[in-house]
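Let me begin by presenting the structure, written as structure tokens, before commenting on it.
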Amino acid sequence: QVQLVESGGGLVQPGGSLRLSCAASGFTLDNYGIGWFRRVPGREREGVSCISFSDGVTQYADFAKGRFTISRDSGKDTVYLQMNSLKPEDTAVYYCARTHRPHMMASLIPYEYDYWGQGTQVTVSS
């Protein structure tokens with residue numbers, strides 16, 4: 001049974017940092033890409049970052065470049081999203097998801113993902 005469980009969200013002041021975790025189970029993490037997405041109420045879900053299978057090629061949305069870092073620990077079956085220099089506009093529910101096919105390059109396009117976690121709330125506020 002494929003499962004993705006996010007954790008690490010919370011309330012942080014502007015300029016602060018959080019590290020989100022996406023714990024994967026039920027499949028071989030190295031065979032699939034993992035993406036991080038976020039959703040603000042009333043807005044479309046948007047891609048944040050992704051990491052491809054095996055070689056770990058990464059992509060970032062423009063707003064995430066230079067501030068967010070995605071990484072994977074295959075031994076722990078976990079993908080991380082380190083978020084630094086957080087801004088109020090980063091406030092959202094953050095989700096991780098798995099690419100719908102193994103051995104495909106990950107992207108920031110939501111419909112290329114099939115399994116999604118339940119999300120973790122990130123609130124950036126003073």
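Identifiers in the structure tokens: chain A, B, ... in order shown; residue index from 1 per chain; ligand index from 1 in order shown.
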
Problem - Residues of chain A in strand (DSSP E), written as a PyMOL selection string - result: chain A and resi 3-7+10-12+18-25+34-39+46-51+58-60+68-73+78-83+92-99+113-116+120-124

Exercise for the section: Please provide as a PyMOL selection string all residues within 10 Å of Pro88 (chain A), with the sequence filter that same-chain residues fewer than 6 positions apart are discarded (counting only C-alpha atoms). Expected result: chain A and resi 12-15+122-126

Practice task
Find the residues around Ala24 (chain A) up to 9 Å (only C-alpha atoms counted), leave out those fewer than 4 positions away in its own chain, and share them as a VMD selection string.
Solution key: chain A and resid 2 to 5 28 to 29 76 to 79

List as a PDB file with N, CA, C and O atoms, in the first residue's frame the protein and nucleic acid residues near Ser107 (chain A), meaning an atom at most 12 Å away when only C-alpha atoms are counted, but skip any in the same chain fewer than 2 places from it.
ATOM      1  N   TYR A  32      11.113   6.244  -8.166  1.00  0.00           N
ATOM      2  CA  TYR A  32      10.087   7.247  -8.468  1.00  0.00           C
ATOM      3  C   TYR A  32      10.572   8.650  -8.153  1.00  0.00           C
ATOM      4  O   TYR A  32      11.395   8.853  -7.266  1.00  0.00           O
ATOM      5  N   GLY A  33      10.013   9.614  -8.895  1.00  0.00           N
ATOM      6  CA  GLY A  33      10.226  10.999  -8.532  1.00  0.00           C
ATOM      7  C   GLY A  33       9.244  11.421  -7.455  1.00  0.00           C
ATOM      8  O   GLY A  33       8.140  10.869  -7.340  1.00  0.00           O
ATOM      9  N   ILE A  34       9.660  12.388  -6.677  1.00  0.00           N
ATOM     10  CA  ILE A  34       8.812  12.961  -5.630  1.00  0.00           C
ATOM     11  C   ILE A  34       8.731  14.462  -5.833  1.00  0.00           C
ATOM     12  O   ILE A  34       9.752  15.115  -6.090  1.00  0.00           O
ATOM     13  N   GLY A  35       7.536  14.975  -5.757  1.00  0.00           N
ATOM     14  CA  GLY A  35       7.339  16.411  -5.883  1.00  0.00           C
ATOM     15  C   GLY A  35       6.739  17.005  -4.623  1.00  0.00           C
ATOM     16  O   GLY A  35       5.995  16.334  -3.898  1.00  0.00           O
ATOM     17  N   TRP A  36       7.073  18.260  -4.391  1.00  0.00           N
ATOM     18  CA  TRP A  36       6.419  19.042  -3.335  1.00  0.00           C
ATOM     19  C   TRP A  36       5.542  20.098  -4.019  1.00  0.00           C
ATOM     20  O   TRP A  36       5.994  20.781  -4.941  1.00  0.00           O
ATOM     21  N   PHE A  37       4.326  20.202  -3.528  1.00  0.00           N
ATOM     22  CA  PHE A  37       3.372  21.165  -4.054  1.00  0.00           C
ATOM     23  C   PHE A  37       2.770  21.924  -2.882  1.00  0.00           C
ATOM     24  O   PHE A  37       2.856  21.481  -1.733  1.00  0.00           O
ATOM     25  N   GLU A  46       0.192  24.645  -6.717  1.00  0.00           N
ATOM     26  CA  GLU A  46       1.372  24.981  -7.505  1.00  0.00           C
ATOM     27  C   GLU A  46       2.563  24.122  -7.096  1.00  0.00           C
ATOM     28  O   GLU A  46       2.710  23.746  -5.922  1.00  0.00           O
ATOM     29  N   GLY A  47       3.388  23.840  -8.075  1.00  0.00           N
ATOM     30  CA  GLY A  47       4.587  23.067  -7.814  1.00  0.00           C
ATOM     31  C   GLY A  47       5.632  23.898  -7.101  1.00  0.00           C
ATOM     32  O   GLY A  47       5.805  25.076  -7.400  1.00  0.00           O
ATOM     33  N   VAL A  48       6.319  23.284  -6.170  1.00  0.00           N
ATOM     34  CA  VAL A  48       7.374  23.947  -5.403  1.00  0.00           C
ATOM     35  C   VAL A  48       8.742  23.420  -5.819  1.00  0.00           C
ATOM     36  O   VAL A  48       9.627  24.182  -6.189  1.00  0.00           O
ATOM     37  N   SER A  49       8.893  22.108  -5.758  1.00  0.00           N
ATOM     38  CA  SER A  49      10.171  21.489  -6.087  1.00  0.00           C
ATOM     39  C   SER A  49       9.941  20.011  -6.342  1.00  0.00           C
ATOM     40  O   SER A  49       8.928  19.444  -5.928  1.00  0.00           O
ATOM     41  N   CYS A  50      10.865  19.378  -7.039  1.00  0.00           N
ATOM     42  CA  CYS A  50      10.767  17.942  -7.272  1.00  0.00           C
ATOM     43  C   CYS A  50      12.165  17.358  -7.411  1.00  0.00           C
ATOM     44  O   CYS A  50      13.123  18.075  -7.717  1.00  0.00           O
ATOM     45  N   ILE A  51      12.231  16.062  -7.188  1.00  0.00           N
ATOM     46  CA  ILE A  51      13.498  15.338  -7.316  1.00  0.00           C
ATOM     47  C   ILE A  51      13.224  14.053  -8.074  1.00  0.00           C
ATOM     48  O   ILE A  51      12.288  13.314  -7.767  1.00  0.00           O
ATOM     49  N   SER A  52      14.006  13.807  -9.106  1.00  0.00           N
ATOM     50  CA  SER A  52      13.771  12.651  -9.967  1.00  0.00           C
ATOM     51  C   SER A  52      14.354  11.389  -9.365  1.00  0.00           C
ATOM     52  O   SER A  52      15.156  11.432  -8.443  1.00  0.00           O
ATOM     53  N   PHE A  53      13.954  10.227  -9.934  1.00  0.00           N
ATOM     54  CA  PHE A  53      14.396   8.946  -9.440  1.00  0.00           C
ATOM     55  C   PHE A  53      15.910   8.807  -9.604  1.00  0.00           C
ATOM     56  O   PHE A  53      16.515   9.450 -10.443  1.00  0.00           O
ATOM     57  N   VAL A  57      18.017  14.373  -9.945  1.00  0.00           N
ATOM     58  CA  VAL A  57      17.925  15.681 -10.608  1.00  0.00           C
ATOM     59  C   VAL A  57      16.785  16.467  -9.968  1.00  0.00           C
ATOM     60  O   VAL A  57      15.701  15.933  -9.742  1.00  0.00           O
ATOM     61  N   THR A  58      17.038  17.729  -9.679  1.00  0.00           N
ATOM     62  CA  THR A  58      16.048  18.535  -8.971  1.00  0.00           C
ATOM     63  C   THR A  58      15.551  19.705  -9.820  1.00  0.00           C
ATOM     64  O   THR A  58      16.231  20.146 -10.753  1.00  0.00           O
ATOM     65  N   GLN A  59      14.362  20.150  -9.512  1.00  0.00           N
ATOM     66  CA  GLN A  59      13.787  21.350 -10.121  1.00  0.00           C
ATOM     67  C   GLN A  59      13.145  22.199  -9.030  1.00  0.00           C
ATOM     68  O   GLN A  59      12.665  21.657  -8.031  1.00  0.00           O
ATOM     69  N   TYR A  60      13.102  23.495  -9.266  1.00  0.00           N
ATOM     70  CA  TYR A  60      12.490  24.415  -8.321  1.00  0.00           C
ATOM     71  C   TYR A  60      11.641  25.433  -9.065  1.00  0.00           C
ATOM     72  O   TYR A  60      12.001  25.889 -10.142  1.00  0.00           O
ATOM     73  N   ALA A  61      10.533  25.787  -8.428  1.00  0.00           N
ATOM     74  CA  ALA A  61       9.770  26.920  -8.924  1.00  0.00           C
ATOM     75  C   ALA A  61      10.602  28.178  -8.704  1.00  0.00           C
ATOM     76  O   ALA A  61      11.477  28.213  -7.819  1.00  0.00           O
ATOM     77  N   ALA A  97       4.092  14.239  -3.299  1.00  0.00           N
ATOM     78  CA  ALA A  97       3.409  13.319  -4.203  1.00  0.00           C
ATOM     79  C   ALA A  97       4.432  12.480  -4.967  1.00  0.00           C
ATOM     80  O   ALA A  97       5.591  12.887  -5.111  1.00  0.00           O
ATOM     81  N   ARG A  98       3.969  11.349  -5.474  1.00  0.00           N
ATOM     82  CA  ARG A  98       4.818  10.423  -6.220  1.00  0.00           C
ATOM     83  C   ARG A  98       4.467  10.458  -7.699  1.00  0.00           C
ATOM     84  O   ARG A  98       3.278  10.479  -8.066  1.00  0.00           O
ATOM     85  N   THR A  99       5.497  10.408  -8.574  1.00  0.00           N
ATOM     86  CA  THR A  99       5.212  10.355 -10.013  1.00  0.00           C
ATOM     87  C   THR A  99       4.381   9.116 -10.341  1.00  0.00           C
ATOM     88  O   THR A  99       4.501   8.078  -9.700  1.00  0.00           O
ATOM     89  N   HIS A 100       3.538   9.242 -11.360  1.00  0.00           N
ATOM     90  CA  HIS A 100       2.589   8.166 -11.656  1.00  0.00           C
ATOM     91  C   HIS A 100       3.227   6.979 -12.359  1.00  0.00           C
ATOM     92  O   HIS A 100       2.600   5.926 -12.500  1.00  0.00           O
ATOM     93  N   MET A 104      10.591   7.883 -14.433  1.00  0.00           N
ATOM     94  CA  MET A 104      10.304   9.053 -15.254  1.00  0.00           C
ATOM     95  C   MET A 104      10.852  10.285 -14.550  1.00  0.00           C
ATOM     96  O   MET A 104      10.960  10.327 -13.324  1.00  0.00           O
ATOM     97  N   MET A 105      11.189  11.279 -15.353  1.00  0.00           N
ATOM     98  CA  MET A 105      11.682  12.518 -14.785  1.00  0.00           C
ATOM     99  C   MET A 105      10.559  13.227 -14.048  1.00  0.00           C
ATOM    100  O   MET A 105       9.431  13.310 -14.541  1.00  0.00           O
ATOM    101  N   ILE A 109       4.416  19.530 -12.578  1.00  0.00           N
ATOM    102  CA  ILE A 109       3.057  19.432 -13.112  1.00  0.00           C
ATOM    103  C   ILE A 109       2.257  18.457 -12.259  1.00  0.00           C
ATOM    104  O   ILE A 109       2.556  17.251 -12.235  1.00  0.00           O
ATOM    105  N   PRO A 110       1.231  18.885 -11.563  1.00  0.00           N
ATOM    106  CA  PRO A 110       0.506  18.014 -10.626  1.00  0.00           C
ATOM    107  C   PRO A 110      -0.081  16.754 -11.259  1.00  0.00           C
ATOM    108  O   PRO A 110      -0.085  15.702 -10.616  1.00  0.00           O
ATOM    109  N   TYR A 111      -0.560  16.807 -12.505  1.00  0.00           N
ATOM    110  CA  TYR A 111      -1.222  15.624 -13.055  1.00  0.00           C
ATOM    111  C   TYR A 111      -0.268  14.505 -13.400  1.00  0.00           C
ATOM    112  O   TYR A 111      -0.694  13.413 -13.782  1.00  0.00           O
ATOM    113  N   GLU A 112       1.026  14.733 -13.243  1.00  0.00           N
ATOM    114  CA  GLU A 112       2.004  13.667 -13.457  1.00  0.00           C
ATOM    115  C   GLU A 112       2.266  12.871 -12.181  1.00  0.00           C
ATOM    116  O   GLU A 112       3.166  12.043 -12.139  1.00  0.00           O
ATOM    117  N   TYR A 113       1.460  13.134 -11.159  1.00  0.00           N
ATOM    118  CA  TYR A 113       1.620  12.458  -9.876  1.00  0.00           C
ATOM    119  C   TYR A 113       0.330  11.726  -9.519  1.00  0.00           C
ATOM    120  O   TYR A 113      -0.770  12.215  -9.803  1.00  0.00           O
TER     121      TYR A 113
END

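Between CA of Pro102 (chain A) and CA of Ser25 (chain A) the separation is 14.6 Å.
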